[in-house]
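Coordinates as given in work.cif (mmCIF, C-alpha atoms):
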```
data_final
loop_
_atom_site.group_PDB
_atom_site.id
_atom_site.type_symbol
_atom_site.label_atom_id
_atom_site.label_comp_id
_atom_site.auth_asym_id
_atom_site.auth_seq_id
_atom_site.Cartn_x
_atom_site.Cartn_y
_atom_site.Cartn_z
ATOM 1 C CA MET A 5 113.996 47.060 149.687
ATOM 2 C CA ILE A 6 114.436 43.926 147.574
ATOM 3 C CA ASN A 7 114.298 45.963 144.367
ATOM 4 C CA ASN A 8 117.074 48.181 145.717
ATOM 5 C CA PHE A 9 119.130 45.088 146.487
ATOM 6 C CA ILE A 10 118.742 43.850 142.904
ATOM 7 C CA GLU A 11 119.500 47.280 141.469
ATOM 8 C CA ALA A 12 122.735 47.595 143.468
ATOM 9 C CA LEU A 13 124.172 44.367 142.038
ATOM 10 C CA PRO A 14 126.506 44.624 139.028
ATOM 11 C CA GLU A 15 125.336 43.221 135.695
ATOM 12 C CA LYS A 16 127.542 40.160 136.160
ATOM 13 C CA VAL A 17 127.414 38.610 139.613
ATOM 14 C CA ARG A 18 129.399 35.808 141.204
ATOM 15 C CA SER A 19 127.019 33.247 142.653
ATOM 16 C CA THR A 20 126.779 29.677 143.889
ATOM 17 C CA ASP A 21 124.496 27.159 145.555
ATOM 18 C CA ASP A 22 127.357 25.491 147.414
ATOM 19 C CA PHE A 23 130.811 26.984 148.055
ATOM 20 C CA GLU A 24 132.394 23.536 147.930
ATOM 21 C CA TYR A 25 131.755 23.571 144.181
ATOM 22 C CA GLY A 26 133.141 27.072 143.687
ATOM 23 C CA THR A 27 131.566 30.257 142.401
ATOM 24 C CA LYS A 28 130.881 31.515 138.894
ATOM 25 C CA PHE A 29 130.151 34.865 137.257
ATOM 26 C CA ARG A 30 126.650 34.931 135.788
ATOM 27 C CA LYS A 31 124.302 37.529 134.376
ATOM 28 C CA LYS A 32 122.343 39.147 137.183
ATOM 29 C CA THR A 33 119.033 37.453 136.288
ATOM 30 C CA ASN A 34 120.674 34.012 136.327
ATOM 31 C CA ALA A 35 122.779 34.709 139.415
ATOM 32 C CA LEU A 36 119.652 35.550 141.403
ATOM 33 C CA LYS A 37 118.454 31.968 140.952
ATOM 34 C CA HIS A 38 121.252 30.792 143.242
ATOM 35 C CA ARG A 39 121.434 30.662 147.026
ATOM 36 C CA TYR A 40 124.426 32.977 147.481
ATOM 37 C CA VAL A 41 125.398 36.105 145.551
ATOM 38 C CA GLU A 42 128.334 38.485 145.809
ATOM 39 C CA ILE A 43 127.332 42.060 146.557
ATOM 40 C CA ASN A 44 129.024 44.921 144.722
ATOM 41 C CA GLN A 45 132.524 45.571 146.103
ATOM 42 C CA LEU A 46 133.278 48.752 144.132
ATOM 43 C CA TYR A 47 129.957 50.350 145.041
ATOM 44 C CA LYS A 48 129.165 49.446 148.647
ATOM 45 C CA LYS A 49 125.459 49.981 149.069
ATOM 46 C CA TYR A 50 125.188 47.736 152.134
ATOM 47 C CA ILE A 51 126.877 47.009 155.424
ATOM 48 C CA ALA A 52 126.749 43.217 155.527
ATOM 49 C CA LEU A 53 127.118 41.223 158.756
ATOM 50 C CA ASP A 54 127.172 37.477 159.363
ATOM 51 C CA LEU A 55 125.575 36.367 162.645
ATOM 52 C CA ASP A 56 126.517 32.754 163.300
ATOM 53 C CA GLU A 57 124.504 32.199 166.475
ATOM 54 C CA PRO A 58 121.034 30.624 166.292
ATOM 55 C CA GLY A 59 118.168 32.986 166.987
ATOM 56 C CA SER A 60 120.116 36.132 166.109
ATOM 57 C CA ALA A 61 117.519 37.624 163.757
ATOM 58 C CA TYR A 62 116.371 40.091 166.410
ATOM 59 C CA TRP A 63 119.633 40.727 168.232
ATOM 60 C CA TRP A 64 119.595 44.261 166.873
ATOM 61 C CA GLU A 65 116.644 44.948 169.201
ATOM 62 C CA GLU A 66 118.414 43.500 172.230
ATOM 63 C CA LYS A 67 121.464 45.668 171.506
ATOM 64 C CA ASN A 68 119.383 48.830 170.977
ATOM 65 C CA LEU A 69 120.516 49.137 167.373
ATOM 66 C CA PRO A 70 118.486 50.305 164.376
ATOM 67 C CA PRO A 71 116.714 47.573 162.393
ATOM 68 C CA PRO A 72 118.594 46.050 159.464
ATOM 69 C CA THR A 73 116.998 46.786 156.107
ATOM 70 C CA ILE A 74 117.030 43.070 155.285
ATOM 71 C CA VAL A 75 117.555 40.083 157.573
ATOM 72 C CA ILE A 76 118.104 36.803 155.699
ATOM 73 C CA VAL A 77 117.614 33.776 157.951
ATOM 74 C CA ASN A 78 118.578 30.158 157.432
ATOM 75 C CA PRO A 79 115.456 28.321 158.722
ATOM 76 C CA ARG A 80 117.488 25.174 159.476
ATOM 77 C CA ASN A 81 119.778 26.735 162.080
ATOM 78 C CA ALA A 82 118.349 30.271 162.579
ATOM 79 C CA ARG A 83 121.674 31.884 161.600
ATOM 80 C CA CYS A 84 121.404 34.967 159.456
ATOM 81 C CA HIS A 85 122.866 37.832 157.482
ATOM 82 C CA TYR A 86 122.061 41.462 158.265
ATOM 83 C CA LEU A 87 122.058 43.998 155.447
ATOM 84 C CA TYR A 88 121.974 47.695 156.356
ATOM 85 C CA GLU A 89 121.189 49.693 153.208
ATOM 86 C CA LEU A 90 122.908 53.056 152.748
ATOM 87 C CA LYS A 91 121.302 56.075 151.097
ATOM 88 C CA THR A 92 124.617 57.035 149.551
ATOM 89 C CA PRO A 93 126.941 54.184 148.592
ATOM 90 C CA VAL A 94 130.633 54.223 149.469
ATOM 91 C CA TYR A 95 132.917 53.819 146.463
ATOM 92 C CA TYR A 96 136.055 51.668 146.410
ATOM 93 C CA THR A 97 137.393 52.600 143.009
ATOM 94 C CA GLU A 98 140.895 53.948 142.373
ATOM 95 C CA GLU A 99 139.621 57.532 142.332
ATOM 96 C CA ALA A 100 137.548 57.213 145.511
ATOM 97 C CA ARG A 101 138.531 59.122 148.624
ATOM 98 C CA ARG A 102 139.781 57.167 151.631
ATOM 99 C CA ALA A 103 137.933 59.189 154.310
ATOM 100 C CA PRO A 104 134.404 57.884 153.486
ATOM 101 C CA GLN A 105 135.825 54.359 153.267
ATOM 102 C CA LYS A 106 137.337 54.639 156.748
ATOM 103 C CA PHE A 107 134.031 55.933 158.150
ATOM 104 C CA TYR A 108 132.190 53.020 156.532
ATOM 105 C CA GLU A 109 134.732 50.530 157.904
ATOM 106 C CA SER A 110 134.527 52.014 161.411
ATOM 107 C CA ILE A 111 130.742 51.652 161.469
ATOM 108 C CA ASP A 112 131.003 48.134 160.065
ATOM 109 C CA SER A 113 133.576 47.134 162.686
ATOM 110 C CA ALA A 114 131.573 48.638 165.551
ATOM 111 C CA LEU A 115 128.360 46.868 164.464
ATOM 112 C CA THR A 116 130.298 43.605 164.162
ATOM 113 C CA THR A 117 131.567 44.041 167.738
ATOM 114 C CA VAL A 118 128.228 45.029 169.273
ATOM 115 C CA LEU A 119 126.317 42.204 167.570
ATOM 116 C CA LYS A 120 129.119 39.670 168.101
ATOM 117 C CA ALA A 121 129.008 38.933 164.393
ATOM 118 C CA ASP A 122 131.507 36.663 162.647
ATOM 119 C CA LEU A 123 134.929 38.343 162.732
ATOM 120 C CA SER A 124 136.174 36.285 159.775
ATOM 121 C CA TYR A 125 133.352 37.402 157.472
ATOM 122 C CA VAL A 126 134.632 39.833 154.819
ATOM 123 C CA GLY A 127 131.274 40.927 153.396
ATOM 124 C CA LEU A 128 131.563 39.408 149.919
ATOM 125 C CA PHE A 129 128.821 36.810 149.593
ATOM 126 C CA VAL A 130 125.400 37.071 151.194
ATOM 127 C CA LYS A 131 122.413 34.799 151.306
ATOM 128 C CA ASN A 132 120.290 35.738 148.297
ATOM 129 C CA PRO A 133 117.076 37.264 149.726
ATOM 130 C CA LEU A 134 115.167 36.184 146.604
ATOM 131 C CA HIS A 135 115.963 32.484 147.036
ATOM 132 C CA GLU A 136 113.353 30.168 148.508
ATOM 133 C CA SER A 137 115.936 28.549 150.836
ATOM 134 C CA TRP A 138 115.848 31.509 153.189
ATOM 135 C CA ARG A 139 113.332 33.294 155.352
ATOM 136 C CA VAL A 140 113.485 37.075 154.812
ATOM 137 C CA ILE A 141 112.568 39.831 157.272
ATOM 138 C CA LYS A 142 112.355 43.349 155.808
ATOM 139 C CA HIS A 143 112.307 46.741 157.492
ATOM 140 C CA ASN A 144 111.539 49.996 155.733
ATOM 141 C CA ALA A 145 114.815 51.599 156.802
ATOM 142 C CA ILE A 146 117.674 53.110 154.814
ATOM 143 C CA TYR A 147 120.559 54.928 156.497
ATOM 144 C CA ASP A 148 123.204 57.589 156.208
ATOM 145 C CA LEU A 149 126.448 56.511 157.872
ATOM 146 C CA GLU A 150 126.038 59.403 160.308
ATOM 147 C CA ASP A 151 122.754 57.869 161.549
ATOM 148 C CA PHE A 152 124.650 55.104 163.340
ATOM 149 C CA ASN A 153 126.325 57.645 165.619
ATOM 150 C CA GLU A 154 122.993 57.857 167.459
ATOM 151 C CA TYR A 155 123.279 54.195 168.437
ATOM 152 C CA ILE A 156 127.012 53.555 168.667
ATOM 153 C CA ASP A 157 129.750 55.352 170.585
ATOM 154 C CA LEU A 158 132.145 55.124 167.670
ATOM 155 C CA GLN A 159 135.048 56.713 169.537
ATOM 156 C CA TYR A 160 134.760 54.094 172.271
ATOM 157 C CA TYR A 161 135.143 51.250 169.765
ATOM 158 C CA LYS A 162 138.012 53.002 167.992
ATOM 159 C CA ASN A 163 139.858 53.381 171.295
ATOM 160 C CA LYS A 164 139.045 49.781 172.241
ATOM 161 C CA GLN A 165 140.460 48.482 168.953
ATOM 162 C CA LYS A 166 143.623 50.585 169.336
ATOM 163 C CA TYR A 167 144.106 49.298 172.881
ATOM 164 C CA GLU A 168 143.598 45.650 171.927
ATOM 165 C CA ALA A 169 145.883 46.044 168.922
ATOM 166 C CA SER A 170 148.630 47.627 171.049
ATOM 167 C CA LEU A 171 148.634 44.653 173.420
ATOM 168 C CA GLU A 172 149.930 42.343 170.739
ATOM 169 C CA GLY A 173 151.036 44.694 167.974
ATOM 170 C CA ARG A 174 148.887 42.887 165.412
ATOM 171 C CA ASN A 175 147.997 45.990 163.416
ATOM 172 C CA THR A 176 151.611 47.135 163.344
ATOM 173 C CA THR A 177 152.850 43.701 162.347
ATOM 174 C CA LEU A 178 150.241 43.419 159.605
ATOM 175 C CA PHE A 179 150.927 46.920 158.317
ATOM 176 C CA HIS A 180 154.708 46.546 158.038
ATOM 177 C CA ASN A 181 154.651 43.033 156.601
ATOM 178 C CA LEU A 182 151.996 44.006 154.089
ATOM 179 C CA ARG A 183 153.567 47.265 152.920
ATOM 180 C CA HIS A 184 156.981 45.700 152.269
ATOM 181 C CA TRP A 185 155.307 42.941 150.275
ATOM 182 C CA ALA A 186 153.186 45.485 148.369
ATOM 183 C CA TYR A 187 156.200 47.579 147.314
ATOM 184 C CA LYS A 188 157.410 44.646 145.197
ATOM 185 C CA GLU A 189 154.003 43.302 144.189
ATOM 186 C CA VAL A 190 152.776 46.605 142.713
ATOM 187 C CA LYS A 191 155.234 46.231 139.823
ATOM 188 C CA GLN A 192 153.382 43.107 138.679
ATOM 189 C CA HIS A 193 150.027 44.853 138.110
ATOM 190 C CA GLY A 194 148.700 47.093 135.379
ATOM 191 C CA SER A 195 145.527 48.208 137.155
ATOM 192 C CA TYR A 196 144.626 49.367 140.639
ATOM 193 C CA ILE A 197 141.722 46.922 140.950
ATOM 194 C CA THR A 198 143.838 43.797 140.386
ATOM 195 C CA PHE A 199 146.593 45.142 142.648
ATOM 196 C CA GLN A 200 144.196 45.978 145.497
ATOM 197 C CA SER A 201 142.634 42.539 145.210
ATOM 198 C CA ALA A 202 146.093 40.975 145.610
ATOM 199 C CA VAL A 203 146.835 43.201 148.632
ATOM 200 C CA ASP A 204 143.515 42.211 150.231
ATOM 201 C CA ASP A 205 144.318 38.516 149.798
ATOM 202 C CA GLN A 206 147.804 38.965 151.236
ATOM 203 C CA ALA A 207 146.447 40.885 154.241
ATOM 204 C CA LEU A 208 144.042 38.061 155.065
ATOM 205 C CA SER A 209 146.874 35.565 154.659
ATOM 206 C CA ILE A 210 149.171 37.502 157.028
ATOM 207 C CA ASN A 211 146.307 37.863 159.479
ATOM 208 C CA LYS A 212 146.232 34.071 159.906
ATOM 209 C CA MET A 213 149.658 34.314 161.590
ATOM 210 C CA PHE A 214 147.932 35.876 164.603
ATOM 211 C CA LEU A 215 146.170 32.624 165.506
ATOM 212 C CA ALA A 216 149.016 32.073 167.953
ATOM 213 C CA TYR A 217 148.463 35.477 169.619
ATOM 214 C CA SER A 218 146.494 35.613 172.859
ATOM 215 C CA ASN A 219 143.887 37.848 171.188
ATOM 216 C CA GLY A 220 143.784 35.746 168.030
ATOM 217 C CA VAL A 221 143.376 37.131 164.526
ATOM 218 C CA LEU A 222 142.120 40.605 163.708
ATOM 219 C CA ALA A 223 138.579 40.882 162.413
ATOM 220 C CA ALA A 224 138.743 40.225 158.683
ATOM 221 C CA LYS A 225 137.238 43.590 157.872
ATOM 222 C CA GLU A 226 139.793 45.305 160.103
ATOM 223 C CA ALA A 227 142.604 43.539 158.234
ATOM 224 C CA LEU A 228 141.035 44.633 154.957
ATOM 225 C CA SER A 229 140.904 48.226 156.198
ATOM 226 C CA VAL A 230 144.681 48.118 156.671
ATOM 227 C CA ALA A 231 144.949 46.566 153.205
ATOM 228 C CA LYS A 232 142.965 49.401 151.626
ATOM 229 C CA SER A 233 145.269 52.017 153.147
ATOM 230 C CA VAL A 234 148.418 50.164 152.102
ATOM 231 C CA GLY A 235 147.091 49.431 148.619
ATOM 232 C CA LYS A 236 145.968 52.951 147.881
ATOM 233 C CA TRP A 237 149.208 54.575 149.114
ATOM 234 C CA THR A 238 151.409 52.061 147.312
ATOM 235 C CA TRP A 239 149.548 52.415 144.022
ATOM 236 C CA LYS A 240 149.703 56.205 144.206
ATOM 237 C CA HIS A 241 153.499 56.123 144.775
ATOM 238 C CA ARG A 242 154.279 53.095 142.597
ATOM 239 C CA TYR A 243 156.621 55.042 140.277
ATOM 240 C CA THR A 244 158.813 56.411 143.075
ATOM 241 C CA ILE A 245 159.016 53.377 145.392
ATOM 242 C CA GLY A 246 162.516 51.922 145.323
ATOM 243 C CA THR A 247 163.999 54.789 143.308
ATOM 244 C CA GLY A 248 165.597 56.526 146.286
ATOM 245 C CA ARG A 249 163.460 59.614 145.693
ATOM 246 C CA LYS A 250 161.907 60.876 148.906
ATOM 247 C CA ASN A 251 158.294 61.938 149.261
ATOM 248 C CA ARG A 252 158.063 65.350 150.882
ATOM 249 C CA GLY A 253 154.868 66.910 152.101
ATOM 250 C CA VAL A 254 151.483 66.297 150.562
ATOM 251 C CA LEU A 255 152.858 66.322 147.032
ATOM 252 C CA GLY A 256 156.021 64.352 147.762
ATOM 253 C CA LEU A 257 158.179 66.820 145.795
ATOM 254 C CA SER A 258 161.928 66.430 145.707
ATOM 255 C CA ASP A 259 164.175 69.387 146.552
ATOM 256 C CA GLU A 260 165.987 68.667 143.293
ATOM 257 C CA LEU A 261 163.020 69.881 141.226
ATOM 258 C CA SER A 262 163.125 73.362 139.756
ATOM 259 C CA LEU A 263 160.508 75.971 140.706
ATOM 260 C CA GLU A 264 158.765 75.470 137.344
ATOM 261 C CA GLU A 265 158.623 71.698 137.866
ATOM 262 C CA LYS A 266 157.223 72.115 141.391
ATOM 263 C CA GLN A 267 154.575 74.520 140.085
ATOM 264 C CA SER A 268 153.668 72.025 137.396
ATOM 265 C CA LYS A 269 153.370 69.228 139.945
ATOM 266 C CA GLY A 270 151.280 71.495 142.155
ATOM 267 C CA ALA A 271 148.906 72.153 139.285
ATOM 268 C CA GLU A 272 148.642 68.409 138.651
ATOM 269 C CA TYR A 273 147.799 67.793 142.303
ATOM 270 C CA THR A 274 145.142 70.509 142.261
ATOM 271 C CA ASN A 275 143.622 68.922 139.188
ATOM 272 C CA ILE A 276 143.533 65.523 140.919
ATOM 273 C CA ILE A 277 141.686 66.954 143.936
ATOM 274 C CA ARG A 278 139.288 68.831 141.658
ATOM 275 C CA THR A 279 138.668 65.669 139.635
ATOM 276 C CA GLU A 280 137.896 63.663 142.777
ATOM 277 C CA LYS A 281 135.266 66.203 143.792
ATOM 278 C CA VAL A 282 133.755 66.199 140.302
ATOM 279 C CA ASP A 283 133.722 62.401 140.261
ATOM 280 C CA ASP A 284 131.836 62.379 143.556
ATOM 281 C CA LYS A 285 129.172 64.678 142.075
ATOM 282 C CA ILE A 286 128.878 62.511 138.968
ATOM 283 C CA LYS A 287 128.602 59.280 140.974
ATOM 284 C CA LEU A 288 125.988 60.770 143.301
ATOM 285 C CA ALA A 289 123.869 61.925 140.359
ATOM 286 C CA ILE A 290 124.082 58.452 138.794
ATOM 287 C CA HIS A 291 123.146 56.888 142.124
ATOM 288 C CA ASN A 292 120.154 59.233 142.421
ATOM 289 C CA CYS A 293 118.975 58.150 138.968
ATOM 290 C CA LYS A 294 119.421 54.480 139.799
ATOM 291 C CA SER A 295 117.512 54.852 143.068
ATOM 292 C CA LYS A 296 114.601 56.306 141.080
ATOM 293 C CA ASN A 297 114.905 53.576 138.445
ATOM 294 C CA ILE A 298 115.465 56.092 135.649
ATOM 295 C CA GLU A 299 118.112 56.106 132.945
ATOM 296 C CA PRO A 300 121.224 58.173 133.847
ATOM 297 C CA ASN A 301 121.148 60.246 130.668
ATOM 298 C CA HIS A 302 121.899 63.943 130.213
ATOM 299 C CA LEU A 303 118.412 65.144 131.122
ATOM 300 C CA ASN A 304 117.985 62.954 134.199
ATOM 301 C CA LEU A 305 121.499 63.525 135.527
ATOM 302 C CA THR A 306 121.080 67.291 135.412
ATOM 303 C CA LYS A 307 117.787 66.937 137.282
ATOM 304 C CA ASN A 308 119.423 64.837 139.971
ATOM 305 C CA GLY A 309 122.410 66.778 141.229
ATOM 306 C CA LEU A 310 124.695 67.396 138.247
ATOM 307 C CA SER A 311 124.855 70.897 136.776
ATOM 308 C CA GLU A 312 124.693 71.483 133.026
ATOM 309 C CA SER A 313 128.149 73.049 133.005
ATOM 310 C CA THR A 314 129.703 70.103 134.852
ATOM 311 C CA TYR A 315 127.990 67.612 132.548
ATOM 312 C CA PHE A 316 129.341 69.178 129.356
ATOM 313 C CA LYS A 317 132.768 70.042 130.756
ATOM 314 C CA TYR A 318 133.339 66.474 131.962
ATOM 315 C CA LYS A 319 131.141 64.628 129.495
ATOM 316 C CA SER A 320 133.683 61.879 128.812
ATOM 317 C CA ALA A 321 134.077 61.246 132.553
ATOM 318 C CA VAL A 322 130.288 61.129 132.945
ATOM 319 C CA GLU A 323 130.004 58.557 130.159
ATOM 320 C CA ASN A 324 132.791 56.457 131.709
ATOM 321 C CA TRP A 325 131.132 56.442 135.132
ATOM 322 C CA VAL A 326 127.754 55.573 133.624
ATOM 323 C CA ARG A 327 129.340 52.572 131.880
ATOM 324 C CA LEU A 328 131.097 51.500 135.079
ATOM 325 C CA LEU A 329 128.167 51.865 137.451
ATOM 326 C CA THR A 330 125.329 50.688 135.228
#
```
Mind converting the file's structure to structure tokens?
Amino acid sequence: MINNFIEALPEKVRSTDDFEYGTKFRKKTNALKHRYVEINQLYKKYIALDLDEPGSAYWWEEKNLPPPTIVIVNPRNARCHYLYELKTPVYYTEEARRAPQKFYESIDSALTTVLKADLSYVGLFVKNPLHESWRVIKHNAIYDLEDFNEYIDLQYYKNKQKYEASLEGRNTTLFHNLRHWAYKEVKQHGSYITFQSAVDDQALSINKMFLAYSNGVLAAKEALSVAKSVGKWTWKHRYTIGTGRKNRGVLGLSDELSLEEKQSKGAEYTNIIRTEKVDDKIKLAIHNCKSKNIEPNHLNLTKNGLSESTYFKYKSAVENWVRLLT
């Protein structure tokens, strides 16, 4: 389990011994000497929860939930972090699909509610399970997201969140304030990653306005879920926002386009969908190699879920993903 945790970290990791003195990017081997490390945000291998109450290391048992893969306990106050490891990571890159992200976020939110975990925790930094400051409890358990449906009535928590949000309109307020801000902000960014980071920060800032509401602020991860939807849509439509051109249907095609132009746009859209599916296959094959601690080269990738034809047809994409994920 600990080896998997190390493997899932990027090569450069933000870390610190004390947040009052800030954080710093360090090589993985050096970062792991510090008390807190940032887990990978583009390649979410874990559901991370922060339980602020003393003696919460075994709350999962009391709530009839599956055991966390790693529980990292502060021996001074018995507060802890839960890490649920996923068999297949959820990607948060520009090309990643939103549906798996929403499923991940729903499970995360439901676990946070059931365990009464810290609503303000956004899942960035965790207690480093290799550091001597902490006591570590390990369970030989790795999950598919679907596995949590056996323990959690996900629809119940979705309905509960919708009901609570409707009482005060917090989600609606956040969504509309954030999207109008994002329409202007997107013009200041040259990459999706920097733009989405700015949207996330703004969403958390807007969320603080709800301190005056009877229900208080939204859970940080719920606010970030809204941010992901706003950021992805805004980035995708960044060239048409503010131009007066309407988005129609799935493709957002204007009636002013000729038949040939619409057919061309349709072909582009088909290629995007096809590319997303190919990217998912490539990323899964790389993940399979990493989980087996083998190099993601041509031979190993084709033995772990990627066909020969796909490898050679999309070789440049394969090489790009290998560089990004390893």
Could you tell me how far atom CA of Pro58 of chain A sits from atom CA of Ile156 of chain A, in Å to one decimal place? 23.8 Å
Nearest residue to Tyr50 of chain A out of A:Val326, A:Leu303, A:Leu90, A:Ile6, using only C-alpha atoms?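 Among the listed residues, the smallest separation from Tyr50 of chain A belongs to A:Leu90.
This file gives the following result for the PyMOL selection byres ((chain A and resi 206) around 10): A:Leu178, A:Asn181, A:Leu182, A:Trp185, A:Ala186, A:Gln200, A:Ser201, A:Ala202, A:Val203, A:Asp204, A:Asp205, A:Ala207, A:Leu208, A:Ser209, A:Ile210, A:Asn211, A:Ala227, A:Leu228, A:Ala231.
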So that I have them on file, write out the residues from the current selection with C-alpha atoms, as a short mmCIF file (atom, residue, chain, number, x, y, z; two decimals), in the coordinates of the input.
```cif
data_model
loop_
_atom_site.label_atom_id
_atom_site.label_comp_id
_atom_site.auth_asym_id
_atom_site.auth_seq_id
_atom_site.Cartn_x
_atom_site.Cartn_y
_atom_site.Cartn_z
CA LEU A 178 150.24 43.42 159.60
CA ASN A 181 154.65 43.03 156.60
CA LEU A 182 152.00 44.01 154.09
CA TRP A 185 155.31 42.94 150.28
CA ALA A 186 153.19 45.48 148.37
CA GLN A 200 144.20 45.98 145.50
CA SER A 201 142.63 42.54 145.21
CA ALA A 202 146.09 40.98 145.61
CA VAL A 203 146.84 43.20 148.63
CA ASP A 204 143.51 42.21 150.23
CA ASP A 205 144.32 38.52 149.80
CA ALA A 207 146.45 40.88 154.24
CA LEU A 208 144.04 38.06 155.06
CA SER A 209 146.87 35.56 154.66
CA ILE A 210 149.17 37.50 157.03
CA ASN A 211 146.31 37.86 159.48
CA ALA A 227 142.60 43.54 158.23
CA LEU A 228 141.04 44.63 154.96
CA ALA A 231 144.95 46.57 153.21
#
```
Show me, as a ChimeraX atom specification, the residues that have an atom within 9 Å of Thr97 of chain A when counting all atoms listed in the file, minus same-chain residues fewer than 5 positions from it. /A:46-47,196-197
Would you export the selected residues with C-alpha atoms as an mmCIF file, keeping the file's coordinate frame, please?
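Saved result, out_14.cif, follows:
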```
data_model
loop_
_atom_site.group_PDB
_atom_site.id
_atom_site.type_symbol
_atom_site.label_atom_id
_atom_site.label_comp_id
_atom_site.auth_asym_id
_atom_site.auth_seq_id
_atom_site.Cartn_x
_atom_site.Cartn_y
_atom_site.Cartn_z
ATOM 1 C CA LEU A 46 133.278 48.752 144.132
ATOM 2 C CA TYR A 47 129.957 50.350 145.041
ATOM 3 C CA TYR A 196 144.626 49.367 140.639
ATOM 4 C CA ILE A 197 141.722 46.922 140.950
#
```
Segment 164-248 of chain A residues near segment 109-116 of chain A within 10 Å, closest pair each, using all atoms listed in the file, as a Markdown table:
```
| residue | atom | partner | partner_atom | distance |
| --- | --- | --- | --- | --- |
| A:Gln165 | CA | A:Ser113 | CA | 9.4 |
| A:Ala223 | CA | A:Ser113 | CA | 8.0 |
| A:Ala224 | CA | A:Ser113 | CA | 9.5 |
| A:Lys225 | CA | A:Ser113 | CA | 7.0 |
| A:Glu226 | CA | A:Ser113 | CA | 7.0 |
| A:Leu228 | CA | A:Glu109 | CA | 9.1 |
| A:Ser229 | CA | A:Glu109 | CA | 6.8 |
```
May I ask for the distance between atom CA of Ile76 of chain A and atom CA of Asp157 of chain A, given in Å to one decimal place?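 Atom-to-atom, atom CA of Ile76 of chain A to atom CA of Asp157 of chain A, that is 26.5 Å.
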Using the chain letters and numbers from the file, give me the residues hit by the PyMOL selection byres ((chain A and resi 311-320) around 12), as a PyMOL selection string. chain A and resi 278-279+281-287+289-290+300-310+321-327
Could you please determine the separation between atom CA of Ala52 of chain A and atom CA of Ile146 of chain A in Å, to one decimal place? 13.4 Å
Would you kindly return, as number ranges by chain, each protein, DNA or RNA residue with an atom no farther than 7 Å from any atom of Lys131 of chain A, considering only C-alpha atoms and excluding same-chain residues fewer than 6 positions away? A: 39-41, 76, 85
